[in-house]
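Worksheet: the structure to be examined is printed underneath.
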Amino acid sequence: MPLSSLQLLRTTPRLGQAAIRKPTARVASTLSSSAGGQTPLGSILIANRGEIALRVGRTAAQHGIRVTTLYTDPDCRAQHALSSPFAFNLGDTSAYLDGDRIIEIAKREGCQGIHPGYGFLSENSAFAQKCTEAGLVFIGPPWKAIEDMGDKSRSKEIMTAAGVPCVPGYHGHNQDPQLLEAEADKIGYPVLIKAVKGGGGKGMRIARSKVEFQDQLRSAKTEAMNSFGDDQMLIEKYITTPRHIEVQVFADKHGNCVALGERDCSIQRRHQKILEESPAPHLPDATRKDLWDKARSAALAVGYEGAGTVEFIFDNDTGEFFFMEMNTRLQVEHPVTEMVTGQDLVHWQILVAEGAPLPLTQEEVEAKIANGGHAIEARIYAENPDQGFIPDSGRLTLVRTPAIKENVRIDAGFADGDEVSAHYDPMISKLIVRGSDRREAIRKLSVALEEFKVAAPITNIEFLKAVCRSPDFIAGEVETGYIDKHREELFDNKVVEDEVLAQVALASLLNDSGSASGNEANFQGPAGSAVGFSPVYQQRQFSFTEEGKECAEHNVRVQQTGKNTFNVDVNGRSFEQVRSHINHGSEVTSFFPHTRLDTTVIRDGDSIVAFQRGRQYRLTVPRARWMEKALGIKDVANSVLAPMPCKILRVEVQEGDRVEKDQPLVVIESMKMETVIRSPHHGTISKVVHKKGDQCKSGTPLVEFADEDAA
């Protein structure tokens with residue numbers, strides 16, 4: 001059952017005893033008085049949404065701090081909006097960025113501090129400065145440190161001066177496209193084009209040759225302007241076999257700074273992380289300690305306070321590492337560090353903001369890491385890996401998560417019935433596990449992923465399972481290009497099993513017979529039938545196709561032979577005397593001659609999602625052509641459709657144009673991500689359906705080809 005809003009707020013992450021211990025004497029003394037620049041916080045406003053808002057709220061509530069939350073119109077029924085009695089509607093979709101309004105609410109409600117979470121305003125130096133000027137404690141670093149580290153050119157100047165190695169590149173202010181191309185020529189291809197104020201992989205492109213440099217530059221600049229309001233770029237050498245390794249740092253107002261270990265975040269898609277782990281595999285101890293030292297130097301060089309992450313690119317070929325950027329906030333993957341160290345980093349943030357010294361010294365932190373085992377986080381997204389990881393959205397008809405245990409943690413922002421909005425990041429939850437070593441952690445992660453059941457938006461759960469089975473990942477041979485290099489094994493197109501099709505058909509029959517809340521299929525007999533008359537048993541024919549795959553229909557025939565007993569034929573294969581019953585309309589248990597199967601079957605219109613033995617299957621009930629015509633459904637076989645709800649950024653073709661396969665047709669934006677829609681084949685454009693600025697629903701035709709191109 002989904003947790004209530006109060007349960008969500010009160011549920012404490014499994015962080016170990018150290019995370020929930022009472023403050024030490026030296027920390028407790030700082031909480032009793034506001035003397036000496038210390039400001040105890042009794043009430044904070046969380047300027048964010050989703051799982052991070054809930055996560056911050058849990059720690060605040062645990063320590064007796066009143067929480068005020070915010071939401072927008074699309075989020076009015078979201079879990080974070082319901083988690084506190086002090087919740088205020090900002091209105092418009094983009095209003096999480098309205099810093100002035102947020103500060104006004106915080107002041108009016110008597111909040112002493114603002115926690116920005118991550119994303120939105122968390123790295124906005126102007127917002128942090130306004131909070132301070134308004135007399136509010138910004139639970140994050142000083143605004144000047146945010147400004148310096150947010151400018152990637154300026155940050156590299158500071159790091160170079162502090163002795164932190166940086167990737168060779170151009171970080172100048174001259175943004176003439178031809179000059180940038182000339183600098184790329186000097187560096188040597190491939191090069192990374194990166195927004196100076198970017199983050200999360202947005203405004204980032206790889207130019208592998210001079211020929212494609214200007215196209216990639218234009219795309220990166222457009223995405224950066226849409227995401228950050230700034231299209232200034234830097235050019236850096238692109239390392240061909242890199243690992244993304246980051247160090248969690250914490251600093252206080254008393255000049256103390258510690259490194260709480262490193263995280264390897266190399267498993268990425270679209271330059272964004274989906275798996276993070278600590279400690280980083282196969283890292284020499286000397287290199288590990290050097291990374292920590294350089295990260296602390298980076299933080300001290302900018303007068304840092306609070307939680308931050310210093311990100312490095314590690315060259316697998318040479319063993320060298322280079323500073324990439326510093327994220328001046330709490331990271332999405334911070335629970336990995338919490339699991340390894342046993343510390344609550346949100347509590348640390350609050351303590352530092354209040355003026356307290358850090359709870360642990362560097363030596364104490366390292367002692368905890370030495371005994372902390374290995375932790376891995378998997379991000380559960382509503383997205384379609386088979387379609388280039390494009391985001392998905394829609395109502396969550398089913399959310400079932402693994403059981404929370406001492407070493408299995410779930411940070412979630414959604415429950416049954418919630419809507420994954422097309423307006424925001426599509427992350428549904430985070431799964432974090434800890435093992436005594438890396439292999440044990442991977443095994444625990446695999447088991448927990450098999451226990452996840454999420455429908456109806458498409459998720460990346462099956463893909464994450466494939467990563468956990470991948471031999472090179474198990475061996476720790478990781479790099480940021482891992483997914484592309486292991487595409488064949490990670491995107492394994494196994495056909496649906498006959499037993500799954502049988503279970504889906506049985507679920508359909510049992511539901512249709514009126515037994516959704518019971519255990520038995522009804523018998524049908526003649527009206528007024530008396531003893532001695534045999535009942536008329538049901539017989540049904542079903543057809544299914546596999547969602548997203550071009551394959552023949554699967555045909556299933558179910559013949560009832562007795563009370564809860566059926567003969568099932570799947571594509572010509574027979575299962576005799578299958579005993580089957582259904583509970584709650586979706587949980588089908590069947591005893592086949594060779595095995596017992598428990599299957600969850602969720603149907604939404606013509607779409608079916610089935611969960612069986614740790615795997616998810618997505619099926620579609622095909623419609624007859626006459627039914628589509630009767631329902632007024634337009635034939636879109638010769639159209640290119642919007643893969644997700646989106647906004648049209650650019651239209652690259654005109655009616656009458658002759659295009660080649662893979663030629664750009666339309667550029668769209670969804671969830672702040674720019675995607676180029678390319679032609680599936682060569683042909684002639686007969687109609688451009690939408691213009692720049694149009695908002696489109698998923699499945700909406702974008703362009704249409706001439707009839708001659710239908711094949």
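Going through the structure tokens in order, the chains are called A, B, and so on, while each chain numbers its residues from 1 and the ligands are numbered from 1 in the order shown.
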Run DSSP on the backbone and give me the residues of region 203-391 of chain A it puts in strand (DSSP E or B), as a ChimeraX atom specification.
/A:203-207,233-237,242-251,257-269,272-278,306-315,321-327,374-384,390-391
Find the residues near Val258 (chain A): any atom within 9 Å, counting only C-alpha atoms, skip ones fewer than 6 places away on the same chain, and give them as a PyMOL selection string.
chain A and resi 248-251+292+296+358+360-363+365
Could you please take those selected residues and save C-alpha atoms as an mmCIF file, in the first residue's frame?
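Written out: selection-v5.cif:
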data_model
loop_
_atom_site.group_PDB
_atom_site.id
_atom_site.type_symbol
_atom_site.label_atom_id
_atom_site.label_comp_id
_atom_site.auth_asym_id
_atom_site.auth_seq_id
_atom_site.Cartn_x
_atom_site.Cartn_y
_atom_site.Cartn_z
ATOM 1 C CA GLN A 248 31.711 14.483 -1.430
ATOM 2 C CA VAL A 249 33.094 17.372 0.592
ATOM 3 C CA PHE A 250 31.759 19.220 3.615
ATOM 4 C CA ALA A 251 33.046 22.446 5.128
ATOM 5 C CA TRP A 292 40.193 13.462 -1.543
ATOM 6 C CA ARG A 296 39.371 19.489 -0.102
ATOM 7 C CA LEU A 358 31.489 19.503 11.479
ATOM 8 C CA LEU A 360 33.463 14.381 12.424
ATOM 9 C CA THR A 361 37.124 14.982 11.635
ATOM 10 C CA GLN A 362 38.760 13.647 8.465
ATOM 11 C CA GLU A 363 40.350 10.813 10.442
ATOM 12 C CA VAL A 365 35.351 9.929 8.498
#
Name the residues in contact with His374 (chain A) at a cut-off of 7 Å, using only C-alpha atoms, excluding same-chain residues fewer than 4 positions from it; report them as a ChimeraX atom specification.
/A:278-279,340,434-438,441
Residues near Arg658 (chain A), cut-off 8 Å, only C-alpha atoms, skip fewer than 3 positions along chain, as a list of chain:residue names:
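The neighbour list is A:His682, A:Gly683, A:Thr684, A:Ile685.
Minimum distance to Gln216 (chain A) across A:Arg623, A:Glu181, A:Thr565, A:Asp411 (counting only C-alpha atoms) occurs at A:Glu181.
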Which of A:Arg218, A:Lys152, A:Arg618, A:Lys647 sits closest to Phe323 (chain A) [using only C-alpha atoms]
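Among A:Arg218, A:Lys152, A:Arg618, A:Lys647, it is A:Lys152 that comes nearest to Phe323 (chain A).
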Could you tell me how far CA of Trp143 (chain A) sits from CA of Arg108 (chain A), in Å to one decimal place?
22.9 Å
Counting only C-alpha atoms, what is within 10 Å of Asp92 (chain A), bar same-chain residues fewer than 4 positions away, as a ChimeraX atom specification?
/A:71-74,96,98
Pull N, CA and C atoms from the residues just selected and write them as an mmCIF file, in the first residue's frame.
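Output saved as out22.cif:
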data_model
loop_
_atom_site.group_PDB
_atom_site.id
_atom_site.type_symbol
_atom_site.label_atom_id
_atom_site.label_comp_id
_atom_site.auth_asym_id
_atom_site.auth_seq_id
_atom_site.Cartn_x
_atom_site.Cartn_y
_atom_site.Cartn_z
ATOM 1 N N TYR A 71 4.398 23.930 -3.837
ATOM 2 C CA TYR A 71 4.002 23.115 -4.986
ATOM 3 C C TYR A 71 3.451 24.032 -6.071
ATOM 4 N N THR A 72 3.361 23.495 -7.285
ATOM 5 C CA THR A 72 2.771 24.226 -8.395
ATOM 6 C C THR A 72 1.462 23.557 -8.782
ATOM 7 N N ASP A 73 0.746 24.146 -9.719
ATOM 8 C CA ASP A 73 -0.542 23.578 -10.127
ATOM 9 C C ASP A 73 -0.438 22.110 -10.546
ATOM 10 N N PRO A 74 0.570 21.732 -11.378
ATOM 11 C CA PRO A 74 0.658 20.307 -11.750
ATOM 12 C C PRO A 74 0.991 19.396 -10.572
ATOM 13 N N TYR A 96 8.697 27.149 -9.475
ATOM 14 C CA TYR A 96 9.755 26.726 -8.549
ATOM 15 C C TYR A 96 11.019 27.580 -8.727
ATOM 16 N N ASP A 98 10.778 30.910 -9.078
ATOM 17 C CA ASP A 98 10.407 32.260 -8.660
ATOM 18 C C ASP A 98 10.978 32.535 -7.272
#
